[in-house]
Amino acid sequence: MSHEEMKSMAAACPNFYWKLFQSTFLISAFTVGGGFVIIPLLRAKYVDEYGWLNDKETLNLVSIAQSMPGVVAVNASIILGYRMAGIRGALTALSATILPPLITLSAISCAYDWFAANPYVRYMLKGMQC
């Protein structure tokens, strides 16, 4: 699908931006392990489930995201959003990617003393070190 066809599809679908935001937000919220872990999930969602991209476009997206400075997951979401719907799509995907870690870190920083003293949190973090 060409870039212009994707933009026209985004304009025609009233829930496109919400769908893009929701899917990218959920992938970012429930993925642990960094940007490279998000790549197969983006492929499964946007290639296999929605059909918004094909395999070659996904490989190109990942290659460009890896070559750019910054976090791979954020770079990939910006490129994906821009490919789908221009600047509005890039901003939608960017905000959906950075909001989950921002919310999590804000909640942890507000309750840092409780988290630092909680033995269950310490055990969980100790187990994640493997």
# chains A, B, ... in the order shown; residues from 1 in each chain; ligands from 1

$ closest_atom_pairs --of "region 55-124 of chain A" --to "region 21-29 of chain A" --cutoff "6 Å" --atoms "only C-alpha atoms" --output "Markdown table"
| residue | atom | partner | partner_atom | distance |
| --- | --- | --- | --- | --- |
| A:Thr92 | CA | A:Phe21 | CA | 5.8 |
| A:Ala93 | CA | A:Phe21 | CA | 5.7 |
| A:Ala96 | CA | A:Phe25 | CA | 4.4 |
| A:Thr97 | CA | A:Ser28 | CA | 5.4 |
| A:Pro100 | CA | A:Ala29 | CA | 5.0 |

$ select_by_dssp --residues "chain A" --states "helix (DSSP H, G or I)" --output "ChimeraX atom specification"
/A:3-12,16-29,35-49,55-67,72-110,112-117,119-128

$ residues_around --residues "Leu53 (chain A)" --least-positions-apart "3" --cutoff "10 Å" --atoms "only C-alpha atoms" --output "list in words"
Met1, Ser2, Met6, Arg43, Lys45, Tyr46, Val47, Asp48, Glu49, Tyr50, Lys56, Glu57, Thr58, Leu61, Leu80, Arg83 and Met84 of chain A

$ atom_distance --atom1 "CA of Ile98 (chain A)" --atom2 "CA of Val74 (chain A)"
7.4 Å

$ atom_distance --atom1 "CA of Ala116 (chain A)" --atom2 "CA of Gly70 (chain A)"
29.4 Å

$ decode --residues "region 39-128 of chain A" --atoms "C-alpha atoms" --output "compact mmCIF listing (two decimals), in the first residue's frame"
# COMPACT_ATOMS: atom_id res chain seq x y z
CA ILE A 39 9.60 -4.91 16.93
CA PRO A 40 8.05 -8.41 16.54
CA LEU A 41 4.96 -7.22 18.40
CA LEU A 42 4.57 -4.25 16.07
CA ARG A 43 4.92 -6.61 13.14
CA ALA A 44 2.30 -8.99 14.54
CA LYS A 45 -0.13 -6.15 15.18
CA TYR A 46 0.33 -3.98 12.09
CA VAL A 47 1.24 -6.59 9.48
CA ASP A 48 -0.63 -9.71 10.55
CA GLU A 49 -3.65 -8.30 12.39
CA TYR A 50 -4.40 -4.93 10.75
CA GLY A 51 -2.66 -5.37 7.39
CA TRP A 52 -1.46 -1.76 7.47
CA LEU A 53 2.09 -2.74 6.46
CA ASN A 54 3.74 -5.63 4.67
CA ASP A 55 6.87 -7.55 5.68
CA LYS A 56 9.23 -5.54 3.47
CA GLU A 57 7.94 -2.23 4.84
CA THR A 58 8.35 -3.56 8.37
CA LEU A 59 11.97 -4.56 7.72
CA ASN A 60 12.66 -1.13 6.24
CA LEU A 61 11.03 0.52 9.25
CA VAL A 62 13.19 -1.49 11.67
CA SER A 63 16.36 -0.78 9.68
CA ILE A 64 15.74 2.95 9.69
CA ALA A 65 14.75 2.93 13.38
CA GLN A 66 17.99 1.14 14.28
CA SER A 67 20.16 3.52 12.30
CA MET A 68 18.69 6.65 13.88
CA PRO A 69 19.95 7.96 17.22
CA GLY A 70 17.63 7.33 20.13
CA VAL A 71 15.44 4.57 21.45
CA VAL A 72 14.51 1.98 18.81
CA ALA A 73 10.91 1.62 20.01
CA VAL A 74 10.30 5.36 19.86
CA ASN A 75 12.00 5.69 16.47
CA ALA A 76 9.96 2.79 15.09
CA SER A 77 6.70 4.23 16.38
CA ILE A 78 7.45 7.66 14.91
CA ILE A 79 8.26 6.15 11.52
CA LEU A 80 5.21 3.89 11.69
CA GLY A 81 2.87 6.73 12.61
CA TYR A 82 4.30 9.01 9.93
CA ARG A 83 4.03 6.24 7.33
CA MET A 84 0.38 5.71 8.27
CA ALA A 85 -0.92 9.24 8.69
CA GLY A 86 1.77 11.89 8.42
CA ILE A 87 2.63 14.22 11.28
CA ARG A 88 -0.59 13.53 13.22
CA GLY A 89 0.08 9.80 13.03
CA ALA A 90 3.69 10.25 14.15
CA LEU A 91 2.61 12.35 17.13
CA THR A 92 -0.13 9.85 18.01
CA ALA A 93 2.23 6.87 17.91
CA LEU A 94 4.97 8.79 19.73
CA SER A 95 2.69 9.77 22.60
CA ALA A 96 1.32 6.24 22.84
CA THR A 97 4.84 4.84 23.06
CA ILE A 98 6.21 7.19 25.70
CA LEU A 99 3.13 7.49 27.94
CA PRO A 100 3.25 3.99 29.57
CA PRO A 101 6.85 4.31 30.82
CA LEU A 102 6.18 7.91 31.85
CA ILE A 103 3.10 6.90 33.86
CA THR A 104 4.90 3.95 35.45
CA LEU A 105 7.97 5.95 36.42
CA SER A 106 5.81 8.78 37.78
CA ALA A 107 3.82 6.36 39.95
CA ILE A 108 6.99 4.69 41.22
CA SER A 109 8.67 8.00 41.98
CA CYS A 110 5.62 9.17 43.95
CA ALA A 111 5.67 6.01 46.04
CA TYR A 112 9.43 5.38 46.02
CA ASP A 113 9.79 4.83 49.75
CA TRP A 114 7.08 2.18 49.75
CA PHE A 115 8.58 0.42 46.74
CA ALA A 116 12.11 0.53 48.17
CA ALA A 117 11.02 -0.98 51.49
CA ASN A 118 8.58 -3.58 50.12
CA PRO A 119 10.14 -7.07 50.27
CA TYR A 120 7.91 -8.41 47.47
CA VAL A 121 9.10 -5.72 45.08
CA ARG A 122 12.71 -6.51 46.03
CA TYR A 123 12.12 -10.24 45.38
CA MET A 124 10.48 -9.49 42.04
CA LEU A 125 13.36 -7.27 40.96
CA LYS A 126 15.86 -9.85 42.18
CA GLY A 127 14.10 -12.49 40.06
CA MET A 128 14.15 -10.22 36.99
